[in-house]
>>> print(open('structure.cif').read())   # mmCIF, N, CA and C atoms and all ligand atoms
data_upload
loop_
_atom_site.label_atom_id
_atom_site.label_comp_id
_atom_site.auth_asym_id
_atom_site.auth_seq_id
_atom_site.Cartn_x
_atom_site.Cartn_y
_atom_site.Cartn_z
N MET A 1 119.70 99.88 108.71
CA MET A 1 118.59 99.97 109.66
C MET A 1 118.67 98.80 110.64
N GLN A 2 118.66 99.08 111.93
CA GLN A 2 118.74 97.98 112.88
C GLN A 2 117.47 97.13 112.84
N GLU A 3 117.63 95.87 113.17
CA GLU A 3 116.54 94.90 112.95
C GLU A 3 115.51 94.86 114.07
N SER A 4 115.97 95.04 115.31
CA SER A 4 115.11 94.71 116.44
C SER A 4 114.22 95.86 116.89
N LEU A 5 113.53 96.51 115.96
CA LEU A 5 112.71 97.65 116.32
C LEU A 5 111.30 97.25 116.75
N LEU A 6 110.86 96.09 116.28
CA LEU A 6 109.51 95.64 116.60
C LEU A 6 109.50 94.99 117.99
N ILE A 7 108.60 95.43 118.83
CA ILE A 7 108.53 94.88 120.19
C ILE A 7 107.15 94.27 120.42
N GLU A 8 107.18 93.02 120.85
CA GLU A 8 105.96 92.29 121.16
C GLU A 8 105.60 92.56 122.63
N LEU A 9 104.40 93.00 122.88
CA LEU A 9 103.97 93.31 124.25
C LEU A 9 103.24 92.12 124.86
N PRO A 10 103.14 92.09 126.19
CA PRO A 10 102.37 91.01 126.80
C PRO A 10 100.93 91.05 126.31
N LYS A 11 100.37 89.89 126.12
CA LYS A 11 98.95 89.81 125.75
C LYS A 11 98.29 88.79 126.66
N ILE A 12 97.39 89.27 127.49
CA ILE A 12 96.65 88.38 128.38
C ILE A 12 95.34 88.06 127.67
N ALA A 13 95.35 86.90 127.01
CA ALA A 13 94.16 86.50 126.24
C ALA A 13 93.06 86.08 127.20
N ASP A 14 91.87 86.52 126.93
CA ASP A 14 90.75 86.26 127.84
C ASP A 14 89.46 86.27 127.03
N PRO A 15 88.58 85.31 127.27
CA PRO A 15 87.31 85.31 126.54
C PRO A 15 86.51 86.59 126.77
N ARG A 16 86.81 87.31 127.85
CA ARG A 16 86.08 88.56 128.13
C ARG A 16 86.68 89.74 127.39
N GLY A 17 87.78 89.49 126.66
CA GLY A 17 88.48 90.58 125.98
C GLY A 17 89.94 90.55 126.37
N ASN A 18 90.82 90.81 125.43
CA ASN A 18 92.27 90.70 125.69
C ASN A 18 92.80 91.96 126.36
N LEU A 19 93.97 91.82 126.98
CA LEU A 19 94.57 92.94 127.71
C LEU A 19 96.08 92.95 127.47
N SER A 20 96.61 94.12 127.19
CA SER A 20 98.06 94.28 127.06
C SER A 20 98.49 95.46 127.91
N PHE A 21 99.80 95.53 128.21
CA PHE A 21 100.24 96.61 129.10
C PHE A 21 101.71 96.95 128.84
N ILE A 22 102.09 98.13 129.30
CA ILE A 22 103.49 98.56 129.29
C ILE A 22 103.78 99.16 130.66
N GLU A 23 104.86 98.72 131.29
CA GLU A 23 105.24 99.23 132.60
C GLU A 23 106.53 100.02 132.47
N GLN A 24 106.68 101.00 133.34
CA GLN A 24 107.94 101.74 133.41
C GLN A 24 109.09 100.77 133.67
N GLY A 25 110.14 100.88 132.87
CA GLY A 25 111.31 100.02 133.10
C GLY A 25 111.15 98.61 132.57
N ASN A 26 110.09 98.37 131.83
CA ASN A 26 109.82 97.05 131.29
C ASN A 26 109.35 97.22 129.84
N GLN A 27 109.47 96.20 129.06
CA GLN A 27 108.92 96.13 127.69
C GLN A 27 109.57 97.09 126.70
N ILE A 28 109.71 98.37 127.06
CA ILE A 28 110.31 99.31 126.11
C ILE A 28 111.56 99.94 126.74
N PRO A 29 112.55 100.31 125.89
CA PRO A 29 113.87 100.67 126.41
C PRO A 29 114.05 102.13 126.82
N PHE A 30 113.00 102.75 127.35
CA PHE A 30 113.17 104.11 127.88
C PHE A 30 112.09 104.39 128.91
N ASN A 31 112.29 105.42 129.70
CA ASN A 31 111.28 105.85 130.66
C ASN A 31 110.26 106.75 129.97
N ILE A 32 109.00 106.53 130.28
CA ILE A 32 107.92 107.25 129.59
C ILE A 32 107.70 108.60 130.28
N GLU A 33 107.85 109.65 129.50
CA GLU A 33 107.67 111.01 130.04
C GLU A 33 106.37 111.63 129.49
N ARG A 34 105.93 111.11 128.35
CA ARG A 34 104.78 111.75 127.66
C ARG A 34 104.08 110.70 126.83
N THR A 35 102.79 110.87 126.68
CA THR A 35 102.05 110.02 125.75
C THR A 35 101.10 110.89 124.94
N TYR A 36 100.96 110.57 123.68
CA TYR A 36 99.97 111.25 122.85
C TYR A 36 99.40 110.26 121.86
N TRP A 37 98.32 110.63 121.23
CA TRP A 37 97.71 109.69 120.29
C TRP A 37 97.19 110.45 119.08
N ILE A 38 97.18 109.74 117.97
CA ILE A 38 96.77 110.32 116.69
C ILE A 38 95.55 109.55 116.21
N TYR A 39 94.52 110.29 115.86
CA TYR A 39 93.23 109.65 115.53
C TYR A 39 92.48 110.56 114.55
N ASP A 40 91.37 110.07 114.02
CA ASP A 40 90.57 110.82 113.04
C ASP A 40 91.42 111.27 111.86
N VAL A 41 92.31 110.40 111.40
CA VAL A 41 93.17 110.78 110.27
C VAL A 41 92.37 110.58 108.98
N PRO A 42 92.20 111.62 108.18
CA PRO A 42 91.46 111.47 106.93
C PRO A 42 92.23 110.56 105.96
N GLY A 43 91.50 109.85 105.12
CA GLY A 43 92.12 108.95 104.15
C GLY A 43 93.21 109.65 103.35
N GLY A 44 94.34 108.97 103.17
CA GLY A 44 95.42 109.50 102.33
C GLY A 44 96.38 110.43 103.05
N GLU A 45 96.05 110.83 104.29
CA GLU A 45 96.94 111.76 105.01
C GLU A 45 98.11 111.00 105.63
N MET A 46 99.19 111.72 105.87
CA MET A 46 100.30 111.16 106.64
C MET A 46 100.66 112.09 107.79
N ARG A 47 101.25 111.51 108.85
CA ARG A 47 101.72 112.29 109.98
C ARG A 47 103.22 112.07 110.12
N GLY A 48 103.84 112.92 110.91
CA GLY A 48 105.28 112.79 111.08
C GLY A 48 105.99 113.42 109.90
N GLY A 49 107.03 112.72 109.42
CA GLY A 49 107.83 113.31 108.36
C GLY A 49 108.91 114.18 108.98
N HIS A 50 109.59 113.61 109.97
CA HIS A 50 110.68 114.32 110.64
C HIS A 50 111.49 113.33 111.46
N ALA A 51 112.58 113.82 112.03
CA ALA A 51 113.38 113.02 112.98
C ALA A 51 113.51 113.86 114.25
N PHE A 52 114.01 113.23 115.29
CA PHE A 52 114.28 113.95 116.54
C PHE A 52 115.77 113.87 116.85
N TYR A 53 116.30 114.95 117.35
CA TYR A 53 117.71 114.92 117.80
C TYR A 53 117.88 113.94 118.95
N GLU A 54 116.96 113.98 119.91
CA GLU A 54 117.13 113.20 121.13
C GLU A 54 115.96 112.29 121.49
N MET A 55 114.78 112.61 121.01
CA MET A 55 113.58 111.88 121.45
C MET A 55 113.56 110.44 120.99
N GLN A 56 113.16 109.56 121.91
CA GLN A 56 112.88 108.18 121.54
C GLN A 56 111.37 107.97 121.65
N GLU A 57 110.83 107.14 120.79
CA GLU A 57 109.39 106.90 120.84
C GLU A 57 109.07 105.42 120.67
N PHE A 58 107.86 105.09 121.08
CA PHE A 58 107.33 103.75 120.86
C PHE A 58 105.90 103.92 120.37
N ILE A 59 105.56 103.28 119.27
CA ILE A 59 104.26 103.49 118.64
C ILE A 59 103.50 102.17 118.53
N VAL A 60 102.25 102.20 118.94
CA VAL A 60 101.37 101.02 118.83
C VAL A 60 100.09 101.42 118.10
N ALA A 61 99.60 100.52 117.25
CA ALA A 61 98.28 100.73 116.64
C ALA A 61 97.25 100.13 117.60
N LEU A 62 96.67 100.97 118.45
CA LEU A 62 95.69 100.45 119.41
C LEU A 62 94.43 100.00 118.70
N SER A 63 94.18 100.61 117.55
CA SER A 63 93.01 100.24 116.75
C SER A 63 93.36 100.43 115.28
N GLY A 64 92.79 99.62 114.42
CA GLY A 64 93.02 99.76 112.98
C GLY A 64 94.47 99.47 112.60
N SER A 65 94.92 100.10 111.54
CA SER A 65 96.27 99.83 111.04
C SER A 65 96.87 101.07 110.38
N PHE A 66 98.20 101.10 110.33
CA PHE A 66 98.93 102.13 109.59
C PHE A 66 100.36 101.64 109.41
N ASP A 67 101.10 102.32 108.55
CA ASP A 67 102.50 101.97 108.31
C ASP A 67 103.41 102.97 109.00
N VAL A 68 104.45 102.46 109.64
CA VAL A 68 105.51 103.32 110.17
C VAL A 68 106.67 103.21 109.18
N VAL A 69 107.00 104.31 108.54
CA VAL A 69 108.07 104.32 107.55
C VAL A 69 109.32 104.91 108.21
N LEU A 70 110.37 104.10 108.27
CA LEU A 70 111.60 104.49 108.96
C LEU A 70 112.73 104.62 107.95
N ASP A 71 113.58 105.60 108.19
CA ASP A 71 114.68 105.87 107.27
C ASP A 71 115.86 106.32 108.13
N ASP A 72 116.96 105.57 108.07
CA ASP A 72 118.13 105.96 108.88
C ASP A 72 119.18 106.70 108.06
N GLY A 73 118.78 107.14 106.88
CA GLY A 73 119.71 107.88 106.01
C GLY A 73 120.43 106.98 105.04
N VAL A 74 120.39 105.68 105.30
CA VAL A 74 121.03 104.71 104.42
C VAL A 74 119.97 103.82 103.78
N SER A 75 119.09 103.28 104.62
CA SER A 75 118.04 102.41 104.09
C SER A 75 116.69 102.76 104.72
N LYS A 76 115.65 102.30 104.04
CA LYS A 76 114.28 102.53 104.49
C LYS A 76 113.65 101.23 104.92
N LYS A 77 112.70 101.34 105.83
CA LYS A 77 112.00 100.14 106.28
C LYS A 77 110.55 100.55 106.55
N ILE A 78 109.63 99.72 106.08
CA ILE A 78 108.21 99.99 106.35
C ILE A 78 107.70 98.91 107.29
N ILE A 79 107.17 99.33 108.43
CA ILE A 79 106.61 98.37 109.39
C ILE A 79 105.11 98.64 109.48
N SER A 80 104.32 97.64 109.12
CA SER A 80 102.87 97.77 109.20
C SER A 80 102.41 97.34 110.58
N LEU A 81 101.70 98.22 111.23
CA LEU A 81 101.17 97.89 112.57
C LEU A 81 99.67 97.67 112.47
N ASN A 82 99.20 96.58 113.03
CA ASN A 82 97.77 96.28 113.01
C ASN A 82 97.33 95.41 114.19
N ARG A 83 98.15 95.38 115.23
CA ARG A 83 97.81 94.61 116.43
C ARG A 83 98.03 95.50 117.66
N SER A 84 97.18 95.33 118.67
CA SER A 84 97.28 96.15 119.89
C SER A 84 98.39 95.69 120.81
N TYR A 85 99.03 94.58 120.49
CA TYR A 85 100.07 94.02 121.37
C TYR A 85 101.45 94.05 120.71
N ARG A 86 101.63 94.89 119.70
CA ARG A 86 102.92 94.96 119.01
C ARG A 86 103.20 96.41 118.62
N GLY A 87 104.43 96.86 118.86
CA GLY A 87 104.73 98.24 118.51
C GLY A 87 106.14 98.40 117.99
N VAL A 88 106.44 99.60 117.54
CA VAL A 88 107.76 99.90 116.98
C VAL A 88 108.50 100.85 117.90
N TYR A 89 109.72 100.48 118.24
CA TYR A 89 110.61 101.37 118.98
C TYR A 89 111.38 102.21 117.95
N ILE A 90 111.37 103.51 118.15
CA ILE A 90 112.08 104.40 117.23
C ILE A 90 113.16 105.15 118.00
N PRO A 91 114.43 104.77 117.80
CA PRO A 91 115.52 105.48 118.47
C PRO A 91 115.61 106.93 117.98
N LYS A 92 116.41 107.73 118.66
CA LYS A 92 116.63 109.10 118.20
C LYS A 92 117.32 109.09 116.83
N MET A 93 117.20 110.19 116.12
CA MET A 93 117.87 110.39 114.82
C MET A 93 117.47 109.36 113.75
N ILE A 94 116.19 108.97 113.78
CA ILE A 94 115.63 108.16 112.69
C ILE A 94 114.52 108.99 112.05
N TRP A 95 114.58 109.14 110.75
CA TRP A 95 113.51 109.86 110.04
C TRP A 95 112.30 108.96 109.99
N ARG A 96 111.16 109.47 110.41
CA ARG A 96 109.98 108.58 110.45
C ARG A 96 108.70 109.30 110.06
N SER A 97 107.82 108.53 109.42
CA SER A 97 106.49 109.04 109.14
C SER A 97 105.47 107.93 109.34
N LEU A 98 104.23 108.33 109.57
CA LEU A 98 103.12 107.39 109.73
C LEU A 98 102.20 107.59 108.52
N GLU A 99 101.91 106.51 107.83
CA GLU A 99 101.17 106.59 106.57
C GLU A 99 100.13 105.49 106.46
N ASN A 100 99.25 105.64 105.47
CA ASN A 100 98.36 104.54 105.12
C ASN A 100 97.42 104.15 106.27
N PHE A 101 96.88 105.15 106.92
CA PHE A 101 95.98 104.90 108.06
C PHE A 101 94.67 104.29 107.59
N SER A 102 94.22 103.27 108.30
CA SER A 102 92.89 102.73 108.01
C SER A 102 91.84 103.61 108.70
N THR A 103 90.60 103.44 108.30
CA THR A 103 89.50 104.19 108.93
C THR A 103 89.47 103.85 110.42
N ASN A 104 89.27 104.86 111.24
CA ASN A 104 89.17 104.68 112.69
C ASN A 104 90.43 104.15 113.35
N SER A 105 91.58 104.32 112.71
CA SER A 105 92.80 103.84 113.37
C SER A 105 93.20 104.79 114.50
N LEU A 106 93.91 104.23 115.44
CA LEU A 106 94.34 104.98 116.63
C LEU A 106 95.79 104.64 116.91
N ALA A 107 96.66 105.65 116.78
CA ALA A 107 98.09 105.45 117.02
C ALA A 107 98.44 105.99 118.40
N LEU A 108 98.91 105.11 119.27
CA LEU A 108 99.38 105.54 120.59
C LEU A 108 100.89 105.73 120.50
N VAL A 109 101.37 106.88 120.98
CA VAL A 109 102.81 107.15 120.95
C VAL A 109 103.30 107.42 122.37
N LEU A 110 104.31 106.69 122.78
CA LEU A 110 104.97 106.94 124.06
C LEU A 110 106.31 107.59 123.76
N ALA A 111 106.68 108.60 124.54
CA ALA A 111 107.93 109.31 124.28
C ALA A 111 108.70 109.49 125.58
N ASP A 112 110.00 109.64 125.46
CA ASP A 112 110.83 109.72 126.67
C ASP A 112 111.11 111.15 127.11
N LYS A 113 110.51 112.12 126.41
CA LYS A 113 110.72 113.52 126.80
C LYS A 113 109.44 114.32 126.55
N ALA A 114 109.34 115.44 127.23
CA ALA A 114 108.24 116.37 126.97
C ALA A 114 108.36 116.92 125.56
N TYR A 115 107.27 117.45 125.05
CA TYR A 115 107.29 118.05 123.72
C TYR A 115 108.29 119.21 123.68
N ASP A 116 109.12 119.20 122.65
CA ASP A 116 110.13 120.25 122.51
C ASP A 116 110.31 120.55 121.03
N VAL A 117 109.81 121.69 120.62
CA VAL A 117 109.84 122.04 119.20
C VAL A 117 111.27 122.06 118.65
N ASN A 118 112.24 122.36 119.52
CA ASN A 118 113.63 122.45 119.07
C ASN A 118 114.30 121.09 118.88
N ASP A 119 113.60 120.03 119.26
CA ASP A 119 114.17 118.69 119.09
C ASP A 119 113.83 118.10 117.72
N TYR A 120 112.97 118.80 116.97
CA TYR A 120 112.55 118.29 115.66
C TYR A 120 113.56 118.62 114.57
N ILE A 121 113.79 117.68 113.68
CA ILE A 121 114.51 117.95 112.42
C ILE A 121 113.49 117.73 111.31
N ARG A 122 113.08 118.80 110.66
CA ARG A 122 112.03 118.70 109.65
C ARG A 122 112.55 118.81 108.22
N ASP A 123 113.84 119.10 108.11
CA ASP A 123 114.45 119.27 106.79
C ASP A 123 115.26 117.99 106.48
N TYR A 124 114.81 117.24 105.47
CA TYR A 124 115.43 115.93 105.20
C TYR A 124 116.90 116.08 104.79
N ASP A 125 117.21 117.13 104.06
CA ASP A 125 118.61 117.34 103.64
C ASP A 125 119.50 117.61 104.86
N LEU A 126 118.97 118.39 105.79
CA LEU A 126 119.73 118.64 107.03
C LEU A 126 119.91 117.34 107.80
N TYR A 127 118.85 116.53 107.84
CA TYR A 127 118.92 115.23 108.53
C TYR A 127 120.05 114.38 107.94
N LEU A 128 120.08 114.29 106.60
CA LEU A 128 121.12 113.49 105.94
C LEU A 128 122.51 114.03 106.25
N LYS A 129 122.63 115.35 106.27
CA LYS A 129 123.91 115.98 106.55
C LYS A 129 124.37 115.63 107.97
N LEU A 130 123.45 115.73 108.91
CA LEU A 130 123.79 115.42 110.32
C LEU A 130 124.18 113.95 110.47
N LYS A 131 123.48 113.06 109.77
CA LYS A 131 123.79 111.64 109.85
C LYS A 131 125.18 111.35 109.27
N THR A 132 125.48 111.99 108.16
CA THR A 132 126.77 111.78 107.51
C THR A 132 127.91 112.27 108.40
N GLU A 133 127.68 113.43 109.04
CA GLU A 133 128.72 114.00 109.90
C GLU A 133 129.02 113.07 111.08
N LYS A 134 127.99 112.35 111.51
CA LYS A 134 128.15 111.47 112.70
C LYS A 134 128.93 110.21 112.37
N GLN A 135 128.98 109.84 111.07
CA GLN A 135 129.61 108.56 110.74
C GLN A 135 131.10 108.68 110.51
P1 LIG B 1 103.78 117.20 115.35
O1 LIG B 1 104.63 116.37 116.24
O2 LIG B 1 104.46 118.23 114.51
O3 LIG B 1 102.88 116.25 114.44
P2 LIG B 1 103.38 115.42 113.17
O4 LIG B 1 104.65 114.77 113.59
O5 LIG B 1 102.32 114.42 112.89
O6 LIG B 1 103.57 116.38 112.06
O7 LIG B 1 102.68 117.89 116.25
C1 LIG B 1 101.63 118.67 115.69
C2 LIG B 1 101.30 119.81 116.62
O8 LIG B 1 100.89 119.32 117.88
C3 LIG B 1 102.47 120.75 116.86
O9 LIG B 1 102.05 122.05 116.59
C4 LIG B 1 102.78 120.65 118.32
C5 LIG B 1 101.62 119.95 118.94
N1 LIG B 1 102.05 118.93 119.90
C6 LIG B 1 102.04 119.21 121.25
O10 LIG B 1 101.69 120.32 121.68
N2 LIG B 1 102.41 118.24 122.13
C7 LIG B 1 102.82 117.01 121.72
O11 LIG B 1 103.15 116.14 122.57
C8 LIG B 1 102.86 116.73 120.32
C9 LIG B 1 103.30 115.41 119.80
C10 LIG B 1 102.45 117.71 119.46
#
>>> encode(input="structure.cif", output="structure tokens", more="lines below")
Ligand code: TYD
Amino acid sequence: MQESLLIELPKIADPRGNLSFIEQGNQIPFNIERTYWIYDVPGGEMRGGHAFYEMQEFIVALSGSFDVVLDDGVSKKIISLNRSYRGVYIPKMIWRSLENFSTNSLALVLADKAYDVNDYIRDYDLYLKLKTEKQ
């Protein structure tokens, strides 16, 4: 698993409230084509549980906390997100799930492509097979 997945975003600290931002061509290593967010997650639920053939994503916990569980077919890594100024870059072909959501957590996801059902790999055995073939 590559090490540099965690990205620290600018944080403009201010007594009136802090501010962070992401600009096209800055901070994250892809152009943003789509954004979505996950919220109202009931206790104990998980989201994701798949990989993408081509999609790259960046995930920030805008509120609350959750774990991003990453698996590259060889090793696993759990990254806990709980700050609005820090996120995880997820390259294509990484198996990932979001787990352990706190109450009222809000996951912001930026993606480099429009939603495409055919870009999903939902079968873990197929994912492992594809990863092995690539090596
Ligand atoms: P999905 O990505 O499968 O969620 P998860 O990874 O948590 O299992 O998305 C759930 C549903 O939402 C799916 O039916 C497609 C729809 N969806 C969109 O229409 N547009 C989007 O950008 C996303 C992310 C999902």
>>> axis_aligned_box(input="structure.cif", around="range 3-8 of chain A", padding_each_side="5 Å", output="lines of an AutoDock Vina configuration file")
center_x = 111.6
center_y = 95.0
center_z = 117.8
size_x = 22.0
size_y = 15.4
size_z = 19.7
>>> closest_residue(input="structure.cif", among="A:Ala114, A:Leu62, A:Ile7, A:Met1", to="Ile38 in chain A", atoms="only C-alpha atoms")
A:Leu62
>>> select_by_dssp(input="structure.cif", residues="chain A", states="strand (DSSP E or B)", output="ChimeraX atom specification")
/A:6-8,12,19,34-38,47-52,57-63,66-71,76-81,86-90,95-99,106-111,120-121
>>> residues_near_ligand(input="structure.cif", ligand="ligand LIG 1 (chain B)", cutoff="5 Å", atoms="all atoms listed in the file", output="number ranges by chain")
A: 47-48, 115
>>> residues_near_point(input="structure.cif", point="(91.7, 104.6, 117.6)", cutoff="10 Å", atoms="only C-alpha atoms", output="PDB file with N, CA and C atoms, in the frame of the given file")
ATOM      1  N   TRP A  37      98.320 110.630 121.230  1.00  0.00           N
ATOM      2  CA  TRP A  37      97.710 109.690 120.290  1.00  0.00           C
ATOM      3  C   TRP A  37      97.190 110.450 119.080  1.00  0.00           C
ATOM      4  N   ILE A  38      97.180 109.740 117.970  1.00  0.00           N
ATOM      5  CA  ILE A  38      96.770 110.320 116.690  1.00  0.00           C
ATOM      6  C   ILE A  38      95.550 109.550 116.210  1.00  0.00           C
ATOM      7  N   TYR A  39      94.520 110.290 115.860  1.00  0.00           N
ATOM      8  CA  TYR A  39      93.230 109.650 115.530  1.00  0.00           C
ATOM      9  C   TYR A  39      92.480 110.560 114.550  1.00  0.00           C
ATOM     10  N   ASP A  40      91.370 110.070 114.020  1.00  0.00           N
ATOM     11  CA  ASP A  40      90.570 110.820 113.040  1.00  0.00           C
ATOM     12  C   ASP A  40      91.420 111.270 111.860  1.00  0.00           C
ATOM     13  N   VAL A  41      92.310 110.400 111.400  1.00  0.00           N
ATOM     14  CA  VAL A  41      93.170 110.780 110.270  1.00  0.00           C
ATOM     15  C   VAL A  41      92.370 110.580 108.980  1.00  0.00           C
ATOM     16  N   ALA A  61      99.600 100.520 117.250  1.00  0.00           N
ATOM     17  CA  ALA A  61      98.280 100.730 116.640  1.00  0.00           C
ATOM     18  C   ALA A  61      97.250 100.130 117.600  1.00  0.00           C
ATOM     19  N   LEU A  62      96.670 100.970 118.450  1.00  0.00           N
ATOM     20  CA  LEU A  62      95.690 100.450 119.410  1.00  0.00           C
ATOM     21  C   LEU A  62      94.430 100.000 118.700  1.00  0.00           C
ATOM     22  N   SER A  63      94.180 100.610 117.550  1.00  0.00           N
ATOM     23  CA  SER A  63      93.010 100.240 116.750  1.00  0.00           C
ATOM     24  C   SER A  63      93.360 100.430 115.280  1.00  0.00           C
ATOM     25  N   GLY A  64      92.790  99.620 114.420  1.00  0.00           N
ATOM     26  CA  GLY A  64      93.020  99.760 112.980  1.00  0.00           C
ATOM     27  C   GLY A  64      94.470  99.470 112.600  1.00  0.00           C
ATOM     28  N   SER A  65      94.920 100.100 111.540  1.00  0.00           N
ATOM     29  CA  SER A  65      96.270  99.830 111.040  1.00  0.00           C
ATOM     30  C   SER A  65      96.870 101.070 110.380  1.00  0.00           C
ATOM     31  N   SER A 102      94.220 103.270 108.300  1.00  0.00           N
ATOM     32  CA  SER A 102      92.890 102.730 108.010  1.00  0.00           C
ATOM     33  C   SER A 102      91.840 103.610 108.700  1.00  0.00           C
ATOM     34  N   THR A 103      90.600 103.440 108.300  1.00  0.00           N
ATOM     35  CA  THR A 103      89.500 104.190 108.930  1.00  0.00           C
ATOM     36  C   THR A 103      89.470 103.850 110.420  1.00  0.00           C
ATOM     37  N   ASN A 104      89.270 104.860 111.240  1.00  0.00           N
ATOM     38  CA  ASN A 104      89.170 104.680 112.690  1.00  0.00           C
ATOM     39  C   ASN A 104      90.430 104.150 113.350  1.00  0.00           C
ATOM     40  N   SER A 105      91.580 104.320 112.710  1.00  0.00           N
ATOM     41  CA  SER A 105      92.800 103.840 113.370  1.00  0.00           C
ATOM     42  C   SER A 105      93.200 104.790 114.500  1.00  0.00           C
ATOM     43  N   LEU A 106      93.910 104.230 115.440  1.00  0.00           N
ATOM     44  CA  LEU A 106      94.340 104.980 116.630  1.00  0.00           C
ATOM     45  C   LEU A 106      95.790 104.640 116.910  1.00  0.00           C
ATOM     46  N   ALA A 107      96.660 105.650 116.780  1.00  0.00           N
ATOM     47  CA  ALA A 107      98.090 105.450 117.020  1.00  0.00           C
ATOM     48  C   ALA A 107      98.440 105.990 118.400  1.00  0.00           C
ATOM     49  N   LEU A 108      98.910 105.110 119.270  1.00  0.00           N
ATOM     50  CA  LEU A 108      99.380 105.540 120.590  1.00  0.00           C
ATOM     51  C   LEU A 108     100.890 105.730 120.500  1.00  0.00           C
TER      52      LEU A 108
END
>>> atom_distance(input="structure.cif", atom1="CA of Lys129 in chain A", atom2="CA of Gly73 in chain A")
9.1 Å
>>> closest_atom_pairs(input="structure.cif", of="range 46-113 of chain A", to="range 130-135 of chain A", cutoff="12 Å", atoms="only C-alpha atoms", output="Markdown table")
| residue | atom | partner | partner_atom | distance |
| --- | --- | --- | --- | --- |
| A:Ala51 | CA | A:Lys131 | CA | 11.0 |
| A:Phe52 | CA | A:Leu130 | CA | 11.5 |
| A:Tyr53 | CA | A:Leu130 | CA | 9.7 |
| A:Asp71 | CA | A:Lys131 | CA | 11.1 |
| A:Asp72 | CA | A:Lys131 | CA | 8.1 |
| A:Gly73 | CA | A:Lys131 | CA | 6.7 |
| A:Val74 | CA | A:Lys131 | CA | 9.2 |
| A:Lys92 | CA | A:Lys131 | CA | 11.3 |
| A:Met93 | CA | A:Lys131 | CA | 7.8 |
| A:Ile94 | CA | A:Lys131 | CA | 9.3 |
| A:Trp95 | CA | A:Lys131 | CA | 10.4 |
>>> closest_residue(input="structure.cif", among="A:Glu33, A:Phe58, A:Ile22, A:Asp67", to="Asn100 in chain A", atoms="only N, CA and C atoms")
A:Asp67
>>> select_by_dssp(input="structure.cif", residues="range 9-133 of chain A", states="alpha helix (DSSP H)", output="MDAnalysis selection string")
chainID A and resid 124:133
>>> closest_residue(input="structure.cif", among="A:Asp116, A:Ile79, A:His50, A:Gln56", to="Leu128 in chain A", atoms="only C-alpha atoms")
A:His50
>>> closest_residue(input="structure.cif", among="A:Leu19, A:Ile90, A:Leu70, A:Ile59", to="Leu110 in chain A", atoms="all atoms listed in the file")
A:Ile59
>>> closest_residue(input="structure.cif", among="A:Lys113, A:Arg34, A:Arg122, A:Lys77", to="Met55 in chain A", atoms="all atoms listed in the file")
A:Lys113
